[in-house]
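Okay, upload29.tsv is below, TSV, C-alpha atoms:
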```tsv
chain	number	residue	atom	x	y	z
A	86	MET	CA	0.00	0.00	0.00
A	87	THR	CA	1.31	3.46	-0.83
A	88	LYS	CA	1.93	6.17	1.76
A	89	ARG	CA	-0.85	8.21	0.19
A	90	ALA	CA	-3.34	5.35	0.52
A	91	LEU	CA	-2.31	4.82	4.15
A	92	ARG	CA	-3.11	8.47	4.94
A	93	PHE	CA	-6.72	7.85	3.93
A	94	VAL	CA	-7.09	4.37	5.42
A	95	MET	CA	-5.76	5.24	8.90
A	96	PRO	CA	-8.22	8.10	9.66
A	97	LEU	CA	-11.09	6.02	8.30
A	98	SER	CA	-10.10	3.10	10.53
A	99	ALA	CA	-9.82	5.36	13.58
A	100	ALA	CA	-13.24	6.88	12.86
A	101	THR	CA	-14.73	3.39	12.53
A	102	VAL	CA	-13.26	2.34	15.89
A	103	LEU	CA	-14.53	5.53	17.57
A	104	ALA	CA	-17.98	5.10	16.06
A	105	THR	CA	-18.12	1.52	17.29
A	106	LEU	CA	-17.09	2.59	20.78
A	107	ALA	CA	-19.62	5.41	20.84
A	108	PHE	CA	-22.51	3.25	19.65
A	109	SER	CA	-21.74	0.73	22.36
A	110	GLY	CA	-23.13	3.24	24.84
A	111	PRO	CA	-21.79	4.83	27.95
A	112	ALA	CA	-18.95	3.15	29.73
A	113	GLY	CA	-19.47	1.75	33.19
A	114	ASN	CA	-16.37	3.49	34.57
A	115	ARG	CA	-17.47	6.67	36.35
A	116	ASN	CA	-15.13	6.72	39.33
A	117	GLY	CA	-11.91	7.93	37.71
A	118	ALA	CA	-10.29	4.53	37.17
A	119	ASN	CA	-7.71	4.65	34.40
A	120	LYS	CA	-7.48	8.37	34.99
A	121	GLY	CA	-4.81	9.94	32.84
A	122	THR	CA	-4.48	7.03	30.43
A	123	GLY	CA	-5.15	7.21	26.71
A	124	SER	CA	-6.04	10.18	24.55
A	125	ASP	CA	-8.58	12.90	25.22
A	126	ILE	CA	-10.62	11.44	22.33
A	127	GLN	CA	-10.72	7.96	23.87
A	128	ARG	CA	-11.36	9.38	27.32
A	129	GLY	CA	-14.27	11.41	25.92
A	130	ILE	CA	-15.86	8.20	24.66
A	131	ASP	CA	-15.16	6.41	27.95
A	132	ILE	CA	-16.82	9.06	30.11
A	133	ALA	CA	-19.86	9.94	27.99
A	134	PRO	CA	-22.75	9.23	30.40
A	135	VAL	CA	-25.39	8.80	27.66
A	136	HIS	CA	-25.72	7.06	24.31
A	137	LEU	CA	-24.48	9.20	21.44
A	138	ASN	CA	-26.07	9.76	18.03
A	139	LEU	CA	-23.20	10.02	15.54
A	140	ASP	CA	-25.33	10.29	12.39
A	141	GLY	CA	-23.68	12.90	10.18
A	142	LYS	CA	-21.19	13.89	12.88
A	143	SER	CA	-17.44	13.49	13.24
A	144	PRO	CA	-16.91	10.81	15.91
A	145	ALA	CA	-13.60	12.45	16.87
A	146	MET	CA	-15.27	15.86	17.39
A	147	VAL	CA	-18.08	14.28	19.42
A	148	ALA	CA	-15.50	12.49	21.59
A	149	LEU	CA	-13.40	15.64	22.05
A	150	GLY	CA	-16.56	17.56	22.98
A	151	SER	CA	-17.41	14.88	25.53
A	152	TYR	CA	-13.95	15.20	27.02
A	153	ILE	CA	-14.30	18.98	27.33
A	154	VAL	CA	-17.87	18.87	28.69
A	155	ASN	CA	-17.41	15.93	31.07
A	156	ALA	CA	-13.75	16.13	32.15
A	157	GLN	CA	-12.84	19.81	31.89
A	158	GLY	CA	-15.91	22.03	31.73
A	159	GLY	CA	-17.98	20.71	34.62
A	160	CYS	CA	-21.15	21.39	32.59
A	161	ASN	CA	-23.05	18.63	34.40
A	162	ASP	CA	-22.62	20.34	37.76
A	163	CYS	CA	-24.87	23.24	36.73
A	164	HIS	CA	-26.88	21.97	33.77
A	165	THR	CA	-28.11	18.67	35.28
A	166	CYS	CA	-30.48	18.65	38.24
A	167	PRO	CA	-29.57	16.75	40.30
A	168	PRO	CA	-26.12	16.20	38.78
A	169	TYR	CA	-25.64	12.66	40.10
A	170	ALA	CA	-27.83	9.58	40.00
A	171	GLU	CA	-29.61	8.83	43.25
A	172	GLY	CA	-27.15	7.34	45.75
A	173	HIS	CA	-24.10	8.18	43.61
A	174	ASP	CA	-23.23	11.73	44.74
A	175	PRO	CA	-19.45	11.73	45.28
A	176	PHE	CA	-19.79	14.44	47.93
A	177	ALA	CA	-21.79	11.93	49.97
A	178	GLY	CA	-19.42	9.00	49.35
A	179	GLY	CA	-20.91	7.83	46.03
A	180	ASP	CA	-19.05	6.87	42.86
A	181	GLY	CA	-20.09	9.94	40.82
A	182	GLU	CA	-22.42	8.23	38.35
A	183	ILE	CA	-24.06	11.02	36.34
A	184	ASN	CA	-27.83	11.51	36.33
A	185	ALA	CA	-28.32	10.30	32.73
A	186	ASP	CA	-32.11	10.75	32.82
A	187	ASN	CA	-31.88	14.54	33.17
A	188	TYR	CA	-28.37	14.99	31.71
A	189	LEU	CA	-27.82	18.65	30.78
A	190	ALA	CA	-31.57	19.40	30.89
A	191	GLY	CA	-31.05	22.39	33.20
A	192	GLY	CA	-33.08	23.39	36.21
A	193	THR	CA	-30.40	24.09	38.80
A	194	ALA	CA	-31.16	27.34	40.64
A	195	PHE	CA	-28.48	29.88	41.52
A	196	GLY	CA	-30.46	32.54	43.35
A	197	PRO	CA	-32.69	34.16	40.73
A	198	PHE	CA	-30.88	32.38	37.87
A	199	VAL	CA	-31.69	28.88	36.60
A	200	SER	CA	-29.48	26.75	34.37
A	201	LYS	CA	-30.84	26.15	30.88
A	202	ASN	CA	-31.61	22.95	29.08
A	203	ILE	CA	-28.72	22.59	26.61
A	204	THR	CA	-29.83	19.25	25.13
A	205	PRO	CA	-30.78	19.16	21.44
A	206	ASP	CA	-34.18	20.38	20.31
A	207	GLU	CA	-36.29	18.50	17.74
A	208	SER	CA	-33.99	19.74	14.97
A	209	GLY	CA	-30.90	18.44	16.80
A	210	ARG	CA	-29.56	21.85	17.85
A	211	PRO	CA	-28.39	22.32	21.46
A	212	HIS	CA	-30.86	24.72	23.13
A	213	GLY	CA	-32.13	25.36	19.59
A	214	LEU	CA	-28.96	27.28	18.70
A	215	THR	CA	-26.96	27.12	15.49
A	216	LEU	CA	-23.22	26.64	15.85
A	217	GLU	CA	-22.69	30.34	15.15
A	218	GLU	CA	-25.24	31.37	17.81
A	219	PHE	CA	-23.68	28.98	20.31
A	220	ILE	CA	-20.16	30.32	19.74
A	221	SER	CA	-21.44	33.90	19.93
A	222	ALA	CA	-23.18	33.24	23.26
A	223	ILE	CA	-20.00	31.73	24.72
A	224	ARG	CA	-17.74	34.48	23.34
A	225	THR	CA	-19.96	37.45	24.33
A	226	GLY	CA	-21.99	36.15	27.28
A	227	HIS	CA	-25.19	37.48	25.73
A	228	ASP	CA	-28.16	35.33	26.70
A	229	PRO	CA	-29.43	33.76	23.46
A	230	ASP	CA	-33.01	33.94	24.77
A	231	ASN	CA	-32.67	37.60	25.77
A	232	PRO	CA	-29.70	39.17	23.94
A	233	SER	CA	-29.91	42.38	25.98
A	234	GLU	CA	-29.02	40.37	29.10
A	235	ILE	CA	-25.59	39.03	30.06
A	236	LEU	CA	-25.36	35.52	31.50
A	237	GLN	CA	-24.55	35.99	35.19
A	238	VAL	CA	-23.64	32.51	36.41
A	239	MET	CA	-22.39	30.81	33.25
A	240	PRO	CA	-18.56	30.97	33.26
A	241	TRP	CA	-18.46	32.36	29.72
A	242	PRO	CA	-15.60	34.79	30.56
A	243	VAL	CA	-13.37	31.71	30.93
A	244	TYR	CA	-14.94	29.52	28.23
A	245	ARG	CA	-14.72	32.32	25.65
A	246	ASN	CA	-10.96	31.69	25.59
A	247	MET	CA	-11.50	28.25	24.07
A	248	THR	CA	-10.53	27.75	20.44
A	249	ASP	CA	-13.19	27.64	17.72
A	250	ARG	CA	-12.29	23.97	17.31
A	251	ASP	CA	-12.97	23.23	20.98
A	252	LEU	CA	-16.26	25.17	20.97
A	253	THR	CA	-17.27	23.35	17.79
A	254	ALA	CA	-16.44	20.04	19.50
A	255	VAL	CA	-18.60	20.99	22.50
A	256	TYR	CA	-21.47	21.95	20.18
A	257	THR	CA	-21.05	18.73	18.17
A	258	TYR	CA	-21.12	16.67	21.37
A	259	LEU	CA	-24.21	18.49	22.65
A	260	SER	CA	-25.93	17.78	19.33
A	261	ALA	CA	-25.10	14.06	19.72
A	262	ILE	CA	-26.63	13.55	23.18
A	263	PRO	CA	-30.29	12.65	23.63
A	264	HIS	CA	-32.87	15.33	24.39
A	265	ALA	CA	-33.76	15.32	28.09
A	266	GLU	CA	-36.31	17.12	30.23
A	267	ARG	CA	-35.80	18.74	33.60
A	268	ASN	CA	-36.42	16.76	36.74
A	269	ASP	CA	-39.87	17.59	38.11
A	270	GLN	CA	-38.27	18.35	41.48
A	271	CYS	CA	-36.06	21.03	39.94
A	272	VAL	CA	-36.91	24.57	39.02
A	273	PRO	CA	-39.67	24.83	36.38
A	274	GLU	CA	-38.68	25.75	32.82
A	275	ASP	CA	-39.26	29.51	32.93
A	276	GLY	CA	-35.91	31.01	32.18
A	277	GLY	CA	-32.38	30.52	33.32
A	278	GLU	CA	-28.85	30.42	32.06
```
Re-express the file's structure as structure tokens.
Amino acid sequence: MTKRALRFVMPLSAATVLATLAFSGPAGNRNGANKGTGSDIQRGIDIAPVHLNLDGKSPAMVALGSYIVNAQGGCNDCHTCPPYAEGHDPFAGGDGEINADNYLAGGTAFGPFVSKNITPDESGRPHGLTLEEFISAIRTGHDPDNPSEILQVMPWPVYRNMTDRDLTAVYTYLSAIPHAERNDQCVPEDGGE
């Protein structure tokens, strides 16, 4: 096989492996075992707490987005209510299993502010936003639902320093997760960040 042919076969093989891993569903490891091993792409697949829809998406970008959202960004802490499955809260001695039923569906109250549902809408867009709208909200802090308002709890001043590639990966990951609804015990859907 020529070097040129290998350049095309290797990425295709890697994408096939990643797609197979992603379709197999969330990994059972949620307690940090194997921490620090492997690539950020593989780790992103390993820690995704929900099944991923890779139709029309780059498996590598979905996996990188998972790594950023689940290992670096702490998005679950604010955008999932409650963040951990019942009996799994690590602050109470649990193993940290994520609340997959309400994953990133919002509803966590921070005083007068409530985290938003950032799962995909019926068209597959996180919070109904296009990629451009998502990147703009992160870069400027303007609330996409009320552009005259600045997001007060969302750590956009830090996240705005991410590269376009990383923000695109986050968006791609968010578009690959299943839609979820807020927990009935959380704040009703009437606003929020």
Wanna dump the region 198-266 of chain A-region 158-170 of chain A contacts at 8 Å for me, each residue with its shortest atom pair and the distance in Å to one decimal, counting all atoms listed in the file, ordered by chain and number, as a tab-separated table?
```
residue	atom	partner	partner_atom	distance
A:Ser200	CA	A:His164	CA	5.5
A:Lys201	CA	A:His164	CA	6.4
A:Asn202	CA	A:His164	CA	6.7
A:Ile203	CA	A:His164	CA	7.4
```
| field | Nearest candidate to Asp186 (chain A) (options A:Gln237, A:Ser221, A:Asn268, A:Thr204; using all atoms listed in the file) | value |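 Smallest separation from Asp186 (chain A) among the options: A:Asn268.
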| Distance in Å - CA of Ile130 (chain A) versus CA of Asp206 (chain A) |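 About the pair CA of Ile130 (chain A) and CA of Asp206 (chain A): they are 22.4 Å apart.
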| request: Take CA of Thr257 (chain A) and CA of Val154 (chain A) and report the distance between them in Å, one decimal. | output: 11.0 Å
| message | With distances taken over all atoms listed in the file, which residue among A:Ile153, A:Val199, A:Ala194, A:Ala265 lies nearest Leu252 (chain A)? | response |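 Going through A:Ile153, A:Val199, A:Ala194, A:Ala265 one by one, the smallest distance to Leu252 (chain A) is for A:Ile153.
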| query | Near Thr253 (chain A), counting all atoms listed in the file, which residues have an atom at most 12 Å away, once you skip same-chain residues fewer than 3 positions from it, shown as a ChimeraX atom specification? | reply | /A:142-143,145-151,153-154,211,215-221,223,247-250,256-260
